[in-house]
$ cat work_14.txt   # compact mmCIF, C-alpha atoms and all ligand atoms
# COMPACT_ATOMS: atom_id res chain seq x y z
CA MET G 937 8.14 -45.07 57.64
CA ILE G 938 6.91 -41.58 58.45
CA LYS G 939 9.46 -40.26 56.07
CA ASN G 940 8.06 -42.49 53.28
CA SER G 941 4.46 -41.39 53.83
CA MET G 942 5.67 -37.82 53.73
CA TYR G 943 7.15 -38.47 50.31
CA ILE G 944 3.93 -40.03 49.10
CA ILE G 945 1.85 -37.10 50.32
CA ILE G 946 4.21 -34.54 48.80
CA SER G 947 4.27 -36.45 45.52
CA TYR G 948 0.48 -36.54 45.56
CA PHE G 949 0.26 -32.77 45.95
CA ILE G 950 2.86 -32.17 43.30
CA CYS G 951 0.90 -34.40 40.93
CA CYS G 952 -2.27 -32.52 41.76
CA ILE G 953 -0.60 -29.18 41.06
CA ILE G 954 0.75 -30.41 37.74
CA PHE G 955 -2.15 -32.45 36.48
CA THR G 956 -5.23 -30.61 37.73
CA PRO G 957 -4.89 -27.75 35.23
CA ILE G 958 -4.38 -30.30 32.46
CA PHE G 959 -7.52 -32.19 33.44
CA ILE G 960 -9.50 -28.98 33.72
CA LYS G 961 -8.27 -27.79 30.37
CA HIS G 962 -9.15 -31.08 28.77
CA GLY G 963 -12.52 -31.18 30.51
CA ARG G 964 -13.43 -27.68 29.39
CA LYS G 965 -12.56 -28.50 25.81
CA LYS G 966 -14.67 -31.62 25.82
CA TYR G 967 -17.51 -29.77 27.46
CA LEU G 968 -17.32 -27.04 24.86
CA LYS G 969 -17.47 -29.60 22.06
CA ASP G 970 -20.50 -31.28 23.57
CA LYS G 971 -22.53 -28.30 24.70
CA GLY G 972 -21.25 -25.22 22.92
CA VAL G 973 -23.96 -24.21 20.45
CA LYS G 974 -21.99 -21.27 19.10
CA TYR G 975 -18.87 -23.39 18.87
CA LYS G 976 -20.70 -26.01 16.84
CA ARG G 977 -22.18 -23.44 14.47
CA ILE G 978 -18.79 -21.87 13.86
CA ASN G 979 -17.28 -25.27 13.15
CA ASP G 980 -20.07 -26.11 10.72
CA LEU G 981 -19.52 -22.79 8.97
CA ASN G 982 -15.80 -23.49 8.75
CA ASN G 983 -16.39 -26.92 7.29
CA ASP G 984 -18.53 -25.39 4.57
CA ASN G 985 -15.97 -22.75 3.69
CA GLU G 986 -12.58 -23.70 2.38
CA PHE G 987 -10.12 -21.02 1.35
CA GLU G 988 -7.11 -22.18 -0.53
CA LYS G 989 -3.74 -20.67 0.07
CA LYS G 990 -2.90 -19.25 -3.31
CA ILE G 991 -0.40 -16.89 -4.84
CA PHE G 992 -0.85 -15.34 -8.22
CA LYS G 993 2.28 -13.57 -9.28
CA TYR G 994 2.93 -12.33 -12.74
CA THR G 995 6.13 -10.62 -13.82
CA VAL G 996 6.42 -8.33 -16.79
CA PHE G 997 9.97 -8.14 -18.12
CA VAL G 998 11.02 -5.01 -19.96
CA ASN G 999 14.42 -4.41 -21.49
CA VAL G 1000 15.20 -0.86 -22.57
CA GLU G 1001 17.89 0.36 -24.95
CA THR G 1002 19.41 3.18 -22.94
CA LYS G 1003 20.26 3.94 -19.36
CA LYS G 1004 18.32 7.20 -19.63
CA LYS G 1005 15.21 5.32 -20.62
CA LEU G 1006 15.57 3.11 -17.58
CA ASP G 1007 16.05 6.16 -15.34
CA ASN G 1008 12.88 7.74 -16.66
CA ILE G 1009 10.84 4.59 -16.83
CA ASN G 1010 7.36 4.73 -15.39
CA LEU G 1011 6.75 1.33 -13.82
CA LEU G 1012 3.18 2.17 -12.87
CA GLU G 1013 2.39 3.02 -16.46
CA ILE G 1014 3.78 -0.34 -17.60
CA ALA G 1015 1.77 -2.12 -14.93
CA LEU G 1016 -1.40 -0.30 -15.97
CA ASN G 1017 -0.90 -1.19 -19.62
CA SER G 1018 -0.09 -4.83 -18.85
CA PHE G 1019 -3.26 -5.01 -16.83
CA ASP G 1020 -5.29 -3.28 -19.51
CA ASN G 1021 -3.94 -5.66 -22.17
CA ASN G 1022 -4.63 -8.63 -19.93
CA GLU G 1023 -1.04 -9.86 -20.17
CA GLY G 1024 -0.64 -13.29 -18.62
CA ASN G 1025 -4.42 -13.31 -18.04
CA VAL G 1026 -3.82 -10.85 -15.22
CA LYS G 1027 -7.20 -9.19 -15.65
CA GLU G 1028 -9.14 -12.45 -15.51
CA LYS G 1029 -7.12 -13.62 -12.54
CA TYR G 1030 -7.86 -10.34 -10.83
CA TYR G 1031 -11.58 -10.78 -11.28
CA SER G 1032 -11.48 -14.33 -10.01
CA PHE G 1033 -9.49 -13.03 -7.06
CA LEU G 1034 -12.27 -10.53 -6.39
CA GLU G 1035 -14.83 -13.34 -6.49
CA GLU G 1036 -12.83 -15.28 -3.95
CA ASN G 1037 -12.45 -12.19 -1.81
CA LYS G 1038 -16.18 -11.61 -1.96
CA ARG G 1039 -16.77 -15.19 -0.87
CA TYR G 1040 -14.38 -14.68 2.03
CA ASN G 1041 -16.11 -11.47 3.07
CA SER G 1042 -19.49 -13.13 3.20
CA TYR G 1043 -17.91 -15.90 5.27
CA VAL G 1044 -16.60 -13.30 7.74
CA GLU G 1045 -20.00 -11.67 7.86
CA GLU G 1046 -21.64 -14.98 8.64
CA PHE G 1047 -18.96 -15.70 11.22
CA ASN G 1048 -19.63 -12.40 12.96
CA ASN G 1049 -23.36 -13.02 12.88
CA ILE G 1050 -22.86 -16.24 14.78
CA MET G 1051 -20.48 -14.55 17.19
CA ASP G 1052 -22.92 -11.73 17.93
CA LYS G 1053 -25.91 -13.98 18.44
CA ASP G 1054 -26.75 -14.44 22.09
CA ILE G 1055 -27.33 -18.05 22.99
CA THR G 1056 -29.32 -18.87 26.08
CA TYR G 1057 -27.79 -21.61 28.15
CA LYS G 1058 -29.65 -22.78 31.17
CA ASP G 1059 -27.70 -22.57 34.38
CA ASP G 1060 -28.01 -26.29 34.97
CA ILE G 1061 -26.25 -26.98 31.68
CA VAL G 1062 -22.98 -26.27 33.46
CA ILE G 1063 -22.56 -29.49 35.27
CA GLY G 1064 -18.91 -29.37 36.13
CA THR G 1065 -18.62 -26.50 38.56
CA ALA G 1066 -14.91 -27.19 38.66
CA LEU G 1067 -14.84 -26.45 34.94
CA PHE G 1068 -16.97 -23.33 34.85
CA LYS G 1069 -18.28 -21.42 37.83
CA ASP G 1070 -21.37 -20.26 35.97
CA VAL G 1071 -22.91 -19.78 32.55
CA THR G 1072 -21.23 -16.42 32.05
CA LYS G 1073 -17.83 -18.03 32.49
CA PHE G 1074 -18.76 -20.72 29.99
CA LYS G 1075 -19.94 -18.14 27.48
CA GLU G 1076 -16.74 -16.18 27.84
CA TYR G 1077 -14.72 -19.31 27.30
CA GLU G 1078 -16.76 -20.28 24.26
CA LEU G 1079 -16.39 -16.85 22.72
CA LYS G 1080 -12.66 -16.89 23.27
CA LYS G 1081 -12.29 -20.29 21.63
CA CYS G 1082 -14.58 -19.35 18.73
CA ARG G 1083 -12.66 -16.19 17.98
CA LYS G 1084 -9.59 -18.31 17.27
CA LEU G 1085 -11.48 -20.25 14.62
CA LEU G 1086 -11.81 -17.39 12.17
CA LYS G 1087 -10.12 -18.45 8.98
CA LYS G 1088 -7.59 -16.23 7.32
CA PHE G 1089 -7.60 -15.14 3.71
CA LYS G 1090 -4.41 -16.45 2.21
CA TYR G 1091 -4.68 -15.43 -1.39
CA LYS G 1092 -1.99 -13.15 -2.67
CA PHE G 1093 -2.17 -11.26 -5.89
CA LEU G 1094 0.97 -9.61 -7.20
CA LEU G 1095 2.03 -7.93 -10.39
CA ARG G 1096 5.73 -7.30 -10.74
CA ILE G 1097 7.41 -5.07 -13.27
CA TYR G 1098 11.05 -5.88 -13.87
CA ALA G 1099 12.85 -3.40 -16.11
CA THR G 1100 16.46 -3.82 -17.11
CA TYR G 1101 19.14 -2.14 -19.11
CA ASP G 1102 22.35 -3.85 -20.14
CA SER G 1103 25.32 -1.73 -21.11
CA PRO G 1104 27.05 -2.61 -24.41
CA LYS G 1105 28.80 -5.98 -24.18
CA ARG G 1106 26.66 -6.57 -21.08
CA LYS G 1107 29.36 -5.28 -18.82
CA LYS G 1108 26.85 -3.64 -16.52
CA HIS G 1109 23.34 -4.58 -15.69
CA TRP G 1110 20.79 -2.19 -14.17
CA VAL G 1111 17.45 -3.13 -12.77
CA LYS G 1112 14.39 -1.19 -11.72
CA GLU G 1113 11.51 -3.11 -10.31
CA LYS G 1114 8.30 -2.72 -8.41
CA THR G 1115 5.74 -5.16 -7.17
CA PHE G 1116 2.13 -4.06 -7.07
CA ASP G 1117 -0.06 -5.77 -4.52
CA ILE G 1118 -3.80 -6.10 -4.43
CA ASN G 1119 -4.31 -2.67 -2.89
CA ASP G 1120 -2.46 -1.08 -5.77
CA ILE G 1121 -4.09 -3.25 -8.39
CA SER G 1122 -7.58 -2.57 -7.12
CA LEU G 1123 -7.04 1.02 -8.24
CA PHE G 1124 -6.10 0.02 -11.79
CA PRO G 1125 -9.63 -0.44 -13.16
CA ILE G 1126 -10.56 2.99 -11.75
CA ILE G 1127 -7.56 4.71 -13.31
CA LEU G 1128 -8.01 2.90 -16.62
CA ASN G 1129 -11.67 3.77 -16.73
CA GLN G 1130 -10.90 7.43 -16.23
CA ARG G 1131 -8.25 7.22 -18.91
CA THR G 1132 -10.79 5.81 -21.36
CA GLU G 1133 -13.23 8.55 -20.47
CA TYR G 1134 -10.54 11.14 -21.05
CA GLN G 1135 -9.55 9.61 -24.37
CA LYS G 1136 -13.12 10.00 -25.52
CA SER G 1137 -13.04 13.66 -24.55
CA LYS G 1138 -12.90 16.37 -27.18
CA LYS G 1139 -9.87 17.98 -25.58
CA TYR G 1140 -7.87 14.80 -25.92
CA GLN G 1141 -8.99 14.22 -29.50
CA ARG G 1142 -7.74 17.71 -30.43
CA GLU G 1143 -4.46 17.17 -28.58
CA ILE G 1144 -3.55 14.00 -30.45
CA MET G 1145 -3.88 15.64 -33.86
CA THR G 1146 -0.15 15.70 -34.54
CA ASP G 1147 1.81 16.91 -37.53
CA SER G 1148 2.97 13.42 -38.27
CA LEU G 1149 -0.64 12.23 -38.40
CA ARG G 1150 -1.50 15.12 -40.76
CA TYR G 1151 1.41 14.10 -42.93
CA ASP G 1152 0.20 10.49 -43.05
CA VAL G 1153 -3.31 11.55 -44.08
CA LEU G 1154 -2.08 13.89 -46.81
CA LYS G 1155 0.24 11.23 -48.14
CA ARG G 1156 -2.49 8.57 -48.09
CA ASP G 1157 -4.83 10.91 -50.02
CA LYS G 1158 -2.06 11.55 -52.56
CA TYR G 1159 -1.77 15.25 -51.58
CA LYS G 1160 -5.19 16.00 -53.11
CA CYS G 1161 -8.59 17.12 -51.86
CA VAL G 1162 -10.69 13.97 -51.75
CA ILE G 1163 -13.78 15.86 -53.01
CA CYS G 1164 -12.57 18.08 -55.87
CA GLY G 1165 -9.12 16.65 -56.45
CA ALA G 1166 -7.33 19.98 -56.08
CA SER G 1167 -3.73 19.77 -54.96
CA ALA G 1168 -1.27 22.19 -53.39
CA SER G 1169 0.44 22.61 -56.77
CA ASP G 1170 -2.90 23.89 -58.12
CA GLY G 1171 -2.75 26.57 -55.47
CA ALA G 1172 -5.31 24.88 -53.24
CA LYS G 1173 -4.85 25.16 -49.53
CA LEU G 1174 -5.16 21.62 -48.15
CA GLU G 1175 -6.48 20.82 -44.73
CA VAL G 1176 -6.89 17.63 -42.77
CA ASP G 1177 -10.49 17.22 -41.77
CA HIS G 1178 -12.34 14.93 -39.34
CA ILE G 1179 -14.94 12.98 -41.36
CA ILE G 1180 -17.12 12.70 -38.27
CA PRO G 1181 -16.39 15.95 -36.42
CA ILE G 1182 -14.94 15.78 -32.92
CA SER G 1183 -17.99 17.72 -31.75
CA LYS G 1184 -20.11 14.78 -32.88
CA GLY G 1185 -17.97 12.17 -31.18
CA GLY G 1186 -15.55 11.59 -34.05
CA GLN G 1187 -12.07 10.44 -33.09
CA THR G 1188 -8.64 11.48 -34.25
CA THR G 1189 -7.76 8.26 -35.99
CA ILE G 1190 -6.45 7.89 -39.53
CA ASP G 1191 -9.72 6.26 -40.62
CA ASN G 1192 -11.69 9.29 -39.53
CA LEU G 1193 -9.43 11.79 -41.26
CA GLN G 1194 -9.41 13.07 -44.83
CA THR G 1195 -7.71 15.68 -47.00
CA LEU G 1196 -9.90 18.55 -48.12
CA CYS G 1197 -9.15 21.81 -49.80
CA MET G 1198 -10.17 24.90 -47.89
CA SER G 1199 -13.20 25.66 -50.05
CA CYS G 1200 -14.54 22.06 -49.94
CA ASN G 1201 -13.99 22.09 -46.20
CA ARG G 1202 -15.97 25.33 -45.79
CA GLY G 1203 -18.72 23.87 -47.95
CA LYS G 1204 -18.80 20.78 -45.77
CA SER G 1205 -18.92 22.84 -42.58
CA ASN G 1206 -21.86 24.87 -43.93
CA LYS G 1207 -23.85 21.72 -44.56
CA GLU G 1208 -23.33 20.39 -41.04
ZN ZN W 1 -11.75 20.45 -52.69

$ encode --input "work_14.txt" --output "structure tokens" --more "lines below"
Ligand SMILES: [Zn+2]
Amino acid sequence: MIKNSMYIIISYFICCIIFTPIFIKHGRKKYLKDKGVKYKRINDLNNDNEFEKKIFKYTVFVNVETKKKLDNINLLEIALNSFDNNEGNVKEKYYSFLEENKRYNSYVEEFNNIMDKDITYKDDIVIGTALFKDVTKFKEYELKKCRKLLKKFKYKFLLRIYATYDSPKRKKHWVKEKTFDINDISLFPIILNQRTEYQKSKKYQREIMTDSLRYDVLKRDKYKCVICGASASDGAKLEVDHIIPISKGGQTTIDNLQTLCMSCNRGKSNKE
């Protein structure tokens, strides 16, 4: 008999040891849901802000003719150009990614605002002393639980360049690849913008005046000065001239170039 009561008492204590923390845990949670002002605000904020888990991945495939070309390939350059040309809508997708990122950032800001705000709870609000000793303990608990509610940004943006070279008869296959993530891609508009600025520069416009372009202009103008009609066989010295001078913002493009003889060109320069 005594032995039986002993078992009952021991079982009771064991149950208490096992179940008390569970009841306390459950009680605290329920209490937080009912009374936690911060907790409620965070939950409302979360309900208003959904962030989809998305992956945008675009692959640019490039096949080159020689192994040497593959060895020297500049994958960043290809990525920049694909971005600039908006291949696979990559540019638009990037800007919609930025929008989504902006939305997420303002969510985080709002989240932090709520977290930082001090909420006054009256001491008597803490009814269950077994649950929380005092208001400070409740606040700590609330903060801890709220922190876990911060949503994550699960939107990935990737641009992959996949360059290959196949040896004749496809006996061997070489690959060079690189995936650019959002940190890399966020630099693209900056680099491209600087490139455009440079291309507008006078230095660049002078640099791209190549012999082959001169040849094309002379050929198009039938090897004659477009003003007086003199040709090299007449003893005229022909020059390729910028219609709108580089100094005035003219570009080195075939449309802005013309064939002039030296004397017409000097005459034109004097007028400018
Ligand atoms: Zn002429």

$ residues_near_ligand --input "work_14.txt" --ligand "ligand ZN 1 (chain W)" --cutoff "10 Å" --atoms "all atoms listed in the file" --output "list of chain:residue names"
G:Lys1160, G:Cys1161, G:Val1162, G:Ile1163, G:Cys1164, G:Gly1165, G:Ala1166, G:Ser1167, G:Ala1172, G:Lys1173, G:Leu1174, G:Glu1175, G:Thr1195, G:Leu1196, G:Cys1197, G:Met1198, G:Ser1199, G:Cys1200, G:Asn1201, G:Arg1202, G:Gly1203, G:Lys1204

$ closest_atom_pairs --input "work_14.txt" --of "stretch 954-1065 of chain G" --to "stretch 1124-1137 of chain G" --cutoff "10 Å" --atoms "all atoms listed in the file" --output "JSON lines"
{"residue": "G:Leu1012", "atom": "CA", "partner": "G:Phe1124", "partner_atom": "CA", "distance": 9.6}
{"residue": "G:Ala1015", "atom": "CA", "partner": "G:Phe1124", "partner_atom": "CA", "distance": 8.7}
{"residue": "G:Leu1016", "atom": "CA", "partner": "G:Phe1124", "partner_atom": "CA", "distance": 6.3}
{"residue": "G:Asn1017", "atom": "CA", "partner": "G:Leu1128", "partner_atom": "CA", "distance": 8.7}
{"residue": "G:Phe1019", "atom": "CA", "partner": "G:Phe1124", "partner_atom": "CA", "distance": 7.7}
{"residue": "G:Asp1020", "atom": "CA", "partner": "G:Leu1128", "partner_atom": "CA", "distance": 7.3}
{"residue": "G:Lys1027", "atom": "CA", "partner": "G:Pro1125", "partner_atom": "CA", "distance": 9.4}

$ closest_residue --input "work_14.txt" --among "G:Phe987, G:Ser1103, G:Tyr1040, G:Lys974" --to "G:Ile1055" --atoms "all atoms listed in the file"
G:Lys974

$ residues_around --input "work_14.txt" --residues "G:Gln1194" --least-positions-apart "2" --cutoff "9 Å" --atoms "only C-alpha atoms" --output "list in words"
Val1153, Leu1154, Arg1156, Asp1157, Cys1161, Val1162, Glu1175, Val1176, Asp1177, His1178, Ile1179, Ile1190, Asp1191, Asn1192 and Leu1196 of chain G

$ closest_residue --input "work_14.txt" --among "G:Ile1050, G:Val1000, G:Leu981, G:Ile958" --to "G:Thr1100" --atoms "only C-alpha atoms"
G:Val1000

$ atom_distance --input "work_14.txt" --atom1 "atom CA of G:Leu1034" --atom2 "atom CA of G:Ala1099"
27.9 Å

$ atom_distance --input "work_14.txt" --atom1 "atom CA of G:Leu1095" --atom2 "atom CA of G:Ser1042"
26.0 Å

$ closest_residue --input "work_14.txt" --among "G:Phe1116, G:Tyr1151, G:Tyr943, G:Tyr1031" --to "G:Lys993" --atoms "all atoms listed in the file"
G:Phe1116

$ axis_aligned_box --input "work_14.txt" --around "stretch 991-995 of chain G" --padding-each-side "8 Å" --output "AutoDock Vina command-line options"
--center_x 2.6 --center_y -13.8 --center_z -9.3 --size_x 23.0 --size_y 22.3 --size_z 25.0

$ atom_distance --input "work_14.txt" --atom1 "atom CA of G:Lys1087" --atom2 "atom CA of G:Thr995"
29.1 Å

$ closest_residue --input "work_14.txt" --among "G:Asn1022, G:Asn1010, G:Asn999, G:Ser1205" --to "G:Pro1181" --atoms "all atoms listed in the file"
G:Ser1205

$ residues_near_point --input "work_14.txt" --point "(-7.3, -14.3, -8.5)" --cutoff "9 Å" --atoms "all atoms listed in the file" --output "list in words"
Lys990, Ile991, Phe992, Val1026, Lys1027, Glu1028, Lys1029, Tyr1030, Tyr1031, Ser1032, Phe1033, Leu1034, Glu1035, Glu1036, Asn1037, Tyr1091, Lys1092 and Phe1093 of chain G

$ closest_residue --input "work_14.txt" --among "G:Leu1067, G:Glu1076, G:Gln1187, G:Lys1081" --to "G:Lys961" --atoms "all atoms listed in the file"
G:Leu1067
